[in-house]
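*Asks:* Contents are mmCIF, C-alpha atoms; file name run.cif:
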data_target
loop_
_atom_site.label_atom_id
_atom_site.label_comp_id
_atom_site.auth_asym_id
_atom_site.auth_seq_id
_atom_site.Cartn_x
_atom_site.Cartn_y
_atom_site.Cartn_z
CA MET O 1 66.56 60.26 -108.88
CA SER O 2 67.73 63.40 -107.22
CA HIS O 3 66.72 64.29 -103.75
CA TYR O 4 64.51 67.00 -105.09
CA TYR O 5 62.31 64.68 -107.02
CA ARG O 6 62.13 62.22 -104.09
CA TRP O 7 60.68 64.84 -101.78
CA ILE O 8 58.09 65.83 -104.41
CA PHE O 9 57.03 62.16 -104.75
CA LEU O 10 56.68 61.67 -101.02
CA ALA O 11 54.65 64.86 -100.68
CA GLY O 12 52.26 63.64 -103.33
CA VAL O 13 51.77 60.33 -101.57
CA VAL O 14 51.04 62.04 -98.27
CA VAL O 15 48.46 64.33 -99.96
CA ALA O 16 46.76 61.31 -101.53
CA LEU O 17 46.57 59.44 -98.29
CA SER O 18 45.23 62.48 -96.48
CA GLY O 19 42.38 62.67 -98.98
CA CYS O 20 41.46 59.05 -98.39
CA LEU O 21 41.56 59.28 -94.59
CA SER O 22 39.34 62.35 -94.64
CA THR O 23 36.48 60.28 -95.97
CA LEU O 24 36.68 57.75 -93.03
CA PRO O 25 34.58 58.33 -89.86
CA THR O 26 36.55 59.24 -86.80
CA THR O 27 34.76 56.53 -84.68
CA VAL O 28 34.16 53.03 -85.95
CA ASP O 29 31.17 51.04 -84.43
CA VAL O 30 32.25 47.45 -84.70
CA ASN O 31 28.69 46.29 -83.88
CA GLY O 32 26.86 48.55 -86.36
CA PRO O 33 26.56 48.21 -90.15
CA LEU O 34 29.81 48.32 -92.05
CA PRO O 35 30.36 51.33 -94.29
CA ALA O 36 30.84 50.62 -97.92
CA THR O 37 34.27 52.22 -97.87
CA LEU O 38 35.50 50.20 -94.84
CA PRO O 39 38.95 49.05 -95.57
CA PRO O 40 39.88 45.38 -95.28
CA LEU O 41 41.71 46.04 -92.00
CA ALA O 42 38.49 47.24 -90.30
CA GLN O 43 36.58 44.22 -91.58
CA THR O 44 39.20 41.98 -90.04
CA LEU O 45 38.91 43.76 -86.70
CA ARG O 46 35.08 43.46 -86.76
CA ALA O 47 35.25 39.75 -87.40
CA THR O 48 37.65 39.38 -84.48
CA ILE O 49 35.82 41.55 -81.93
CA ALA O 50 32.16 40.85 -82.80
CA PRO O 51 30.39 38.50 -80.33
CA THR O 52 29.18 35.15 -81.54
CA ASN O 53 25.64 33.77 -81.09
CA SER O 54 26.85 30.56 -79.40
CA THR O 55 25.55 29.99 -75.85
CA PRO O 56 28.35 29.93 -73.28
CA VAL O 57 28.80 26.66 -71.41
CA GLN O 58 27.94 27.15 -67.73
CA GLU O 59 30.08 25.36 -65.18
CA THR O 60 28.10 23.01 -62.98
CA SER O 61 29.24 23.28 -59.44
CA VAL O 62 27.92 22.05 -56.10
CA PRO O 63 26.88 24.96 -53.86
CA SER O 64 29.20 25.40 -50.94
CA VAL O 65 26.24 25.32 -48.54
CA THR O 66 25.23 21.87 -49.80
CA LYS O 67 28.78 20.58 -49.42
CA THR O 68 28.96 21.89 -45.84
CA ALA O 69 25.57 20.36 -44.92
CA THR O 70 26.60 17.00 -46.38
CA ALA O 71 29.86 17.01 -44.43
CA ALA O 72 28.04 17.96 -41.23
CA LEU O 73 25.57 15.14 -41.78
CA ILE O 74 28.38 12.63 -42.17
CA VAL O 75 30.17 13.88 -39.05
CA ALA O 76 27.04 14.14 -36.88
CA THR O 77 25.73 10.66 -37.70
CA PRO O 78 26.40 8.59 -34.53
CA GLN O 79 27.64 5.08 -34.64
CA PRO O 80 25.01 2.48 -33.78
CA ALA O 81 25.06 1.78 -30.06
CA THR O 82 26.05 -1.65 -28.89
CA VAL O 83 22.94 -3.30 -27.49
CA ALA O 84 23.72 -5.55 -24.55
CA PRO O 85 21.69 -8.74 -24.29
CA PRO O 86 18.85 -8.43 -21.80
CA THR O 87 19.61 -9.67 -18.33
CA PRO O 88 17.44 -12.67 -17.54
CA THR O 89 14.88 -11.90 -14.91
CA ILE O 90 15.14 -14.26 -11.96
CA ALA O 91 12.01 -14.66 -9.97
CA PRO O 92 12.62 -13.96 -6.30
CA ALA O 93 12.64 -16.98 -4.09
CA PRO O 94 9.49 -17.32 -2.04
CA THR O 95 9.84 -16.20 1.52
CA LEU O 96 9.79 -19.15 3.85
CA VAL O 97 7.47 -18.40 6.70
CA LEU O 98 7.71 -20.86 9.53
CA PRO O 99 4.52 -21.47 11.43
CA THR O 100 4.45 -19.89 14.83
CA LEU O 101 4.21 -22.59 17.42
CA PRO O 102 1.84 -21.87 20.24
CA VAL O 103 3.38 -21.28 23.63
CA LEU O 104 2.30 -24.20 25.80
CA SER O 105 2.03 -24.19 29.54
CA ASN O 106 3.72 -26.90 31.57
CA GLU O 107 0.38 -28.63 32.05
CA GLU O 108 -0.27 -28.56 28.26
CA ARG O 109 3.15 -30.01 27.55
CA TRP O 110 2.42 -32.89 29.89
CA ARG O 111 -0.99 -33.46 28.30
CA ALA O 112 0.66 -33.50 24.86
CA GLN O 113 2.52 -36.65 25.94
CA GLN O 114 -0.74 -38.43 26.78
CA LEU O 115 -2.32 -39.94 23.69
CA ASP O 116 -5.95 -41.04 23.85
CA ARG O 117 -6.27 -39.94 27.45
CA GLN O 118 -9.37 -41.36 29.12
CA ILE O 119 -10.41 -39.90 32.44
CA PHE O 120 -12.03 -42.29 34.88
CA PRO O 121 -15.37 -41.25 36.35
CA GLU O 122 -13.81 -41.80 39.77
CA LEU O 123 -10.48 -42.95 41.11
CA ARG O 124 -9.70 -46.61 40.43
CA LEU O 125 -7.76 -48.89 42.72
CA TYR O 126 -4.88 -50.91 41.30
CA THR O 127 -2.31 -53.17 42.84
CA THR O 128 1.23 -53.97 41.73
CA LYS O 129 4.00 -56.22 42.88
CA ARG O 130 6.62 -53.85 41.63
CA SER O 131 6.20 -50.81 39.39
CA GLU O 132 8.32 -47.77 38.59
CA LEU O 133 6.63 -44.46 39.27
CA TYR O 134 7.59 -41.62 36.83
CA TRP O 135 7.06 -37.89 36.64
CA TYR O 136 7.27 -36.00 33.33
CA ASP O 137 9.37 -32.84 33.62
CA PRO O 138 7.66 -30.42 31.18
CA ILE O 139 10.55 -27.94 31.21
CA ASN O 140 13.30 -30.40 30.33
CA GLN O 141 10.79 -32.66 28.50
CA GLN O 142 12.00 -35.90 30.00
CA SER O 143 10.66 -38.65 32.22
CA VAL O 144 12.09 -38.63 35.77
CA LEU O 145 11.98 -41.71 38.03
CA ILE O 146 10.32 -40.94 41.37
CA GLY O 147 10.76 -44.41 42.90
CA ILE O 148 9.50 -48.00 43.06
CA ILE O 149 6.03 -48.76 44.43
CA ASN O 150 4.34 -51.98 45.38
CA GLY O 151 0.94 -52.76 46.80
CA GLU O 152 -2.14 -50.65 46.16
CA PHE O 153 -2.30 -47.26 44.36
CA MET O 154 -5.00 -45.03 42.88
CA ALA O 155 -5.28 -44.11 39.16
CA GLN O 156 -7.41 -41.31 37.67
CA ALA O 157 -6.87 -41.85 33.92
CA ALA O 158 -5.48 -44.21 31.28
CA PHE O 159 -3.46 -43.09 28.21
CA THR O 160 -0.70 -44.08 25.79
CA PHE O 161 2.65 -42.49 26.47
CA ARG O 162 3.82 -40.77 23.32
CA GLU O 163 7.55 -41.31 23.87
CA ASN O 164 7.45 -45.11 23.70
CA ASN O 165 3.85 -45.69 22.65
CA GLN O 166 3.14 -47.83 25.75
CA PRO O 167 -0.14 -47.85 27.75
CA ALA O 168 0.07 -46.21 31.16
CA LEU O 169 -1.98 -45.12 34.15
CA GLU O 170 -2.06 -41.55 35.52
CA VAL O 171 -1.38 -41.65 39.28
CA PRO O 172 -1.84 -38.66 41.67
CA TYR O 173 1.12 -38.33 43.99
CA GLN O 174 1.54 -36.15 47.09
CA ILE O 175 5.18 -35.09 47.27
CA ASN O 176 7.17 -36.98 49.91
CA ARG O 177 4.02 -38.66 51.36
CA SER O 178 2.28 -41.12 49.01
CA TYR O 179 3.17 -44.82 48.58
CA GLY O 180 6.00 -44.71 51.02
CA LEU O 181 8.10 -42.48 48.77
CA SER O 182 9.04 -39.80 51.30
CA ALA O 183 12.71 -39.18 50.58
CA LEU O 184 12.85 -37.33 47.25
CA SER O 185 16.18 -35.61 46.58
CA PRO O 186 16.39 -31.84 46.98
CA THR O 187 17.35 -31.59 43.29
CA LEU O 188 14.18 -33.36 42.25
CA ILE O 189 12.10 -31.27 44.60
CA GLU O 190 13.61 -28.12 43.04
CA ARG O 191 12.74 -29.30 39.54
CA ILE O 192 9.16 -29.93 40.63
CA ARG O 193 8.94 -26.47 42.17
CA THR O 194 10.43 -24.87 39.04
CA ALA O 195 7.75 -26.55 36.94
CA GLY O 196 5.10 -24.85 39.05
CA TYR O 197 4.03 -27.62 41.38
CA SER O 198 4.09 -27.45 45.18
CA ASP O 199 2.23 -30.35 46.86
CA TRP O 200 0.60 -32.70 44.36
CA ILE O 201 1.84 -33.84 40.96
CA GLU O 202 0.55 -36.25 38.30
CA THR O 203 2.82 -39.26 37.94
CA PHE O 204 2.35 -42.45 35.92
CA VAL O 205 3.15 -46.16 35.79
CA PHE O 206 3.23 -48.39 32.74
CA LEU O 207 0.64 -51.10 32.42
CA THR O 208 2.56 -54.36 32.76
CA PRO O 209 1.53 -57.86 33.84
CA ASP O 210 2.50 -56.83 37.38
CA VAL O 211 -0.27 -54.19 37.46
CA GLN O 212 -3.78 -55.42 38.10
CA ALA O 213 -7.08 -53.61 38.61
CA LYS O 214 -8.63 -54.30 42.03
CA SER O 215 -12.39 -54.41 42.30
#
Represent the structure from my file as structure tokens, please.

*Replies:*
Amino acid sequence: MSHYYRWIFLAGVVVALSGCLSTLPTTVDVNGPLPATLPPLAQTLRATIAPTNSTPVQETSVPSVTKTATAALIVATPQPATVAPPTPTIAPAPTLVLPTLPVLSNEERWRAQQLDRQIFPELRLYTTKRSELYWYDPINQQSVLIGIINGEFMAQAAFTFRENNQPALEVPYQINRSYGLSALSPTLIERIRTAGYSDWIETFVFLTPDVQAKS
């Protein structure tokens, strides 16, 4: 075929195609109804672009706020405190209160040594062959020997001496004058003065077979 006839054929094809394209709309609505003259290529595009009626699958996710609150709760939860065993309560020991002893005078201390003291209505006369005459020192709380007497002496009371539980007679004695005992030592005199006595003191002798009451 000569070049002349080829150009005529191509021109005829172009004119034919131009007539077909002139019948197509310039804008194709893929969502609207398809025109009857829609070529197969447009139908293919509609099937590809048109949305489907299937429901999209939504992704389930934990809100970020909930995750943060959960983490904060885990961090803020304190560990259980260690509970120490209770300390046993010890009752305080009772306070020991010692009784307050009364302050005794020298005379009261001497009387405390005389158990079951019985005062005679009047002085009684006794005689002895040999008896020891004692004085009780209330300050040092001891019996002090004054001397040895014999013959007659006067007693004003009878009692039991606490120290040895022996019966005795209470004998008034004038310092350095009675019963021939007139040479007491200065030390003994000083002890008598310190106890509060000056002239007379109460001495005693133990009741022995050598001591007899004289009517």

*Asks:* One number please: atom CA of O:Asn176 to atom CA of O:Val144, in Å, one decimal.

*Replies:* 15.1 Å

*Asks:* Please determine, counting all atoms listed in the file, which residue among O:Thr100, O:Thr187, O:Gln212, O:Ser105 has the shortest atom-to-atom distance to O:Pro138.

*Replies:*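 That would be O:Ser105, the residue with the smallest distance to O:Pro138.
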
*Asks:* What is the atom CA of O:Gly196-atom CA of O:Tyr173 distance in Å, reported with one decimal?

*Replies:*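 For atom CA of O:Gly196 relative to atom CA of O:Tyr173, the distance reads 14.9 Å.
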
*Asks:* Just how far from atom CA of O:Tyr136 is atom CA of O:Ile189, in Å to one decimal?

*Replies:* 13.1 Å

*Asks:* I'd like the contact shell of O:Trp200 - 9 Å cut-off, all atoms listed in the file, skipping same-chain residues fewer than 5 positions apart - returned as a list of chain:residue names.

*Replies:*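 My list of contacting residues is O:Pro172, O:Tyr173, O:Gln174, O:Ile175.
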
*Asks:* List as a PyMOL selection string the protein and nucleic acid residues near O:Pro121, meaning an atom at most 12 Å away when only C-alpha atoms are counted, but skip any in the same chain fewer than 2 places from it.

*Replies:* chain O and resi 118-119+123-124+155-158

*Asks:* Would it be fine to have stretch 124-161 of chain O, with N, CA, C and O atoms, given as a short mmCIF file (atom, residue, chain, number, x, y, z; two decimals), in the first residue's frame?

*Replies:*
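For reference, selection14.cif as written:
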data_model
loop_
_atom_site.label_atom_id
_atom_site.label_comp_id
_atom_site.auth_asym_id
_atom_site.auth_seq_id
_atom_site.Cartn_x
_atom_site.Cartn_y
_atom_site.Cartn_z
N ARG O 124 10.05 -0.80 197.81
CA ARG O 124 10.19 -2.05 198.56
C ARG O 124 11.67 -2.26 198.90
O ARG O 124 12.55 -1.95 198.09
N LEU O 125 11.86 -2.83 200.10
CA LEU O 125 13.21 -3.05 200.60
C LEU O 125 13.65 -4.48 200.29
O LEU O 125 12.92 -5.43 200.54
N TYR O 126 14.83 -4.56 199.67
CA TYR O 126 15.41 -5.88 199.37
C TYR O 126 16.82 -5.92 199.96
O TYR O 126 17.42 -4.89 200.27
N THR O 127 17.29 -7.15 200.09
CA THR O 127 18.65 -7.34 200.57
C THR O 127 19.36 -8.34 199.66
O THR O 127 18.72 -9.22 199.06
N THR O 128 20.64 -8.19 199.51
CA THR O 128 21.43 -9.07 198.65
C THR O 128 22.80 -9.31 199.26
O THR O 128 23.35 -8.43 199.94
N LYS O 129 23.32 -10.47 199.03
CA LYS O 129 24.68 -10.74 199.48
C LYS O 129 25.69 -10.19 198.48
O LYS O 129 26.75 -9.73 198.89
N ARG O 130 25.30 -10.30 197.24
CA ARG O 130 26.18 -9.75 196.19
C ARG O 130 25.38 -9.69 194.89
O ARG O 130 24.97 -10.72 194.36
N SER O 131 25.19 -8.47 194.39
CA SER O 131 24.45 -8.30 193.13
C SER O 131 25.13 -7.24 192.28
O SER O 131 25.69 -6.26 192.79
N GLU O 132 25.07 -7.42 190.98
CA GLU O 132 25.61 -6.44 190.03
C GLU O 132 24.53 -5.41 189.72
O GLU O 132 23.39 -5.77 189.38
N LEU O 133 24.92 -4.16 189.82
CA LEU O 133 23.99 -3.07 189.54
C LEU O 133 24.31 -2.52 188.13
O LEU O 133 25.44 -2.12 187.85
N TYR O 134 23.25 -2.49 187.23
CA TYR O 134 23.44 -2.07 185.84
C TYR O 134 22.64 -0.81 185.53
O TYR O 134 21.61 -0.51 186.16
N TRP O 135 23.15 -0.08 184.56
CA TRP O 135 22.42 1.05 183.98
C TRP O 135 22.31 0.81 182.47
O TRP O 135 23.29 0.42 181.83
N TYR O 136 21.12 1.07 181.92
CA TYR O 136 20.92 0.89 180.47
C TYR O 136 21.17 2.22 179.77
O TYR O 136 20.50 3.21 180.04
N ASP O 137 22.20 2.22 178.90
CA ASP O 137 22.53 3.42 178.12
C ASP O 137 21.59 3.47 176.91
O ASP O 137 21.74 2.67 175.97
N PRO O 138 20.62 4.40 176.90
CA PRO O 138 19.65 4.42 175.80
C PRO O 138 20.24 4.89 174.47
O PRO O 138 19.70 4.57 173.41
N ILE O 139 21.32 5.65 174.51
CA ILE O 139 21.93 6.14 173.28
C ILE O 139 22.68 5.01 172.58
O ILE O 139 22.50 4.77 171.38
N ASN O 140 23.53 4.34 173.29
CA ASN O 140 24.30 3.23 172.73
C ASN O 140 23.57 1.89 172.83
O ASN O 140 24.05 0.89 172.29
N GLN O 141 22.41 1.88 173.52
CA GLN O 141 21.56 0.71 173.66
C GLN O 141 22.35 -0.52 174.15
O GLN O 141 22.38 -1.57 173.50
N GLN O 142 22.94 -0.31 175.30
CA GLN O 142 23.68 -1.40 175.93
C GLN O 142 23.65 -1.25 177.44
O GLN O 142 23.46 -0.14 177.96
N SER O 143 23.78 -2.37 178.11
CA SER O 143 23.79 -2.38 179.58
C SER O 143 25.22 -2.08 180.07
O SER O 143 26.18 -2.68 179.58
N VAL O 144 25.31 -1.15 181.03
CA VAL O 144 26.61 -0.72 181.56
C VAL O 144 26.66 -1.07 183.04
O VAL O 144 25.74 -0.73 183.81
N LEU O 145 27.73 -1.76 183.47
CA LEU O 145 27.88 -2.13 184.88
C LEU O 145 28.28 -0.91 185.71
O LEU O 145 29.28 -0.26 185.44
N ILE O 146 27.45 -0.60 186.73
CA ILE O 146 27.75 0.49 187.64
C ILE O 146 28.70 0.01 188.76
O ILE O 146 29.67 0.70 189.11
N GLY O 147 28.42 -1.15 189.30
CA GLY O 147 29.25 -1.69 190.39
C GLY O 147 28.56 -2.87 191.06
O GLY O 147 27.48 -3.33 190.60
N ILE O 148 29.16 -3.34 192.16
CA ILE O 148 28.64 -4.47 192.93
C ILE O 148 28.06 -3.92 194.25
O ILE O 148 28.71 -3.12 194.93
N ILE O 149 26.85 -4.36 194.58
CA ILE O 149 26.24 -3.92 195.83
C ILE O 149 25.98 -5.16 196.71
O ILE O 149 25.82 -6.28 196.21
N ASN O 150 25.93 -4.88 197.98
CA ASN O 150 25.54 -5.92 198.95
C ASN O 150 24.82 -5.22 200.10
O ASN O 150 24.97 -4.02 200.31
N GLY O 151 24.02 -5.96 200.80
CA GLY O 151 23.22 -5.37 201.87
C GLY O 151 21.84 -4.98 201.34
O GLY O 151 21.30 -5.57 200.40
N GLU O 152 21.29 -3.91 201.95
CA GLU O 152 19.93 -3.51 201.62
C GLU O 152 19.92 -2.50 200.46
O GLU O 152 20.84 -1.70 200.29
N PHE O 153 18.82 -2.55 199.69
CA PHE O 153 18.59 -1.57 198.59
C PHE O 153 17.09 -1.45 198.38
O PHE O 153 16.31 -2.33 198.78
N MET O 154 16.68 -0.38 197.74
CA MET O 154 15.26 -0.09 197.50
C MET O 154 14.93 -0.35 196.02
O MET O 154 15.70 0.02 195.13
N ALA O 155 13.76 -0.95 195.77
CA ALA O 155 13.27 -1.21 194.41
C ALA O 155 11.92 -0.55 194.24
O ALA O 155 11.10 -0.51 195.16
N GLN O 156 11.66 -0.01 193.03
CA GLN O 156 10.38 0.67 192.77
C GLN O 156 9.52 -0.06 191.73
O GLN O 156 8.34 0.30 191.55
N ALA O 157 10.09 -1.07 191.06
CA ALA O 157 9.29 -1.81 190.06
C ALA O 157 9.97 -3.13 189.74
O ALA O 157 11.16 -3.33 190.00
N ALA O 158 9.17 -4.08 189.20
CA ALA O 158 9.69 -5.37 188.75
C ALA O 158 9.36 -5.51 187.25
O ALA O 158 8.31 -5.06 186.77
N PHE O 159 10.22 -6.14 186.50
CA PHE O 159 10.01 -6.30 185.05
C PHE O 159 10.86 -7.46 184.54
O PHE O 159 11.66 -8.05 185.28
N THR O 160 10.71 -7.78 183.27
CA THR O 160 11.55 -8.76 182.58
C THR O 160 12.41 -8.03 181.57
O THR O 160 11.89 -7.29 180.72
N PHE O 161 13.71 -8.23 181.71
CA PHE O 161 14.63 -7.52 180.81
C PHE O 161 14.58 -8.18 179.42
O PHE O 161 14.79 -9.39 179.27
#
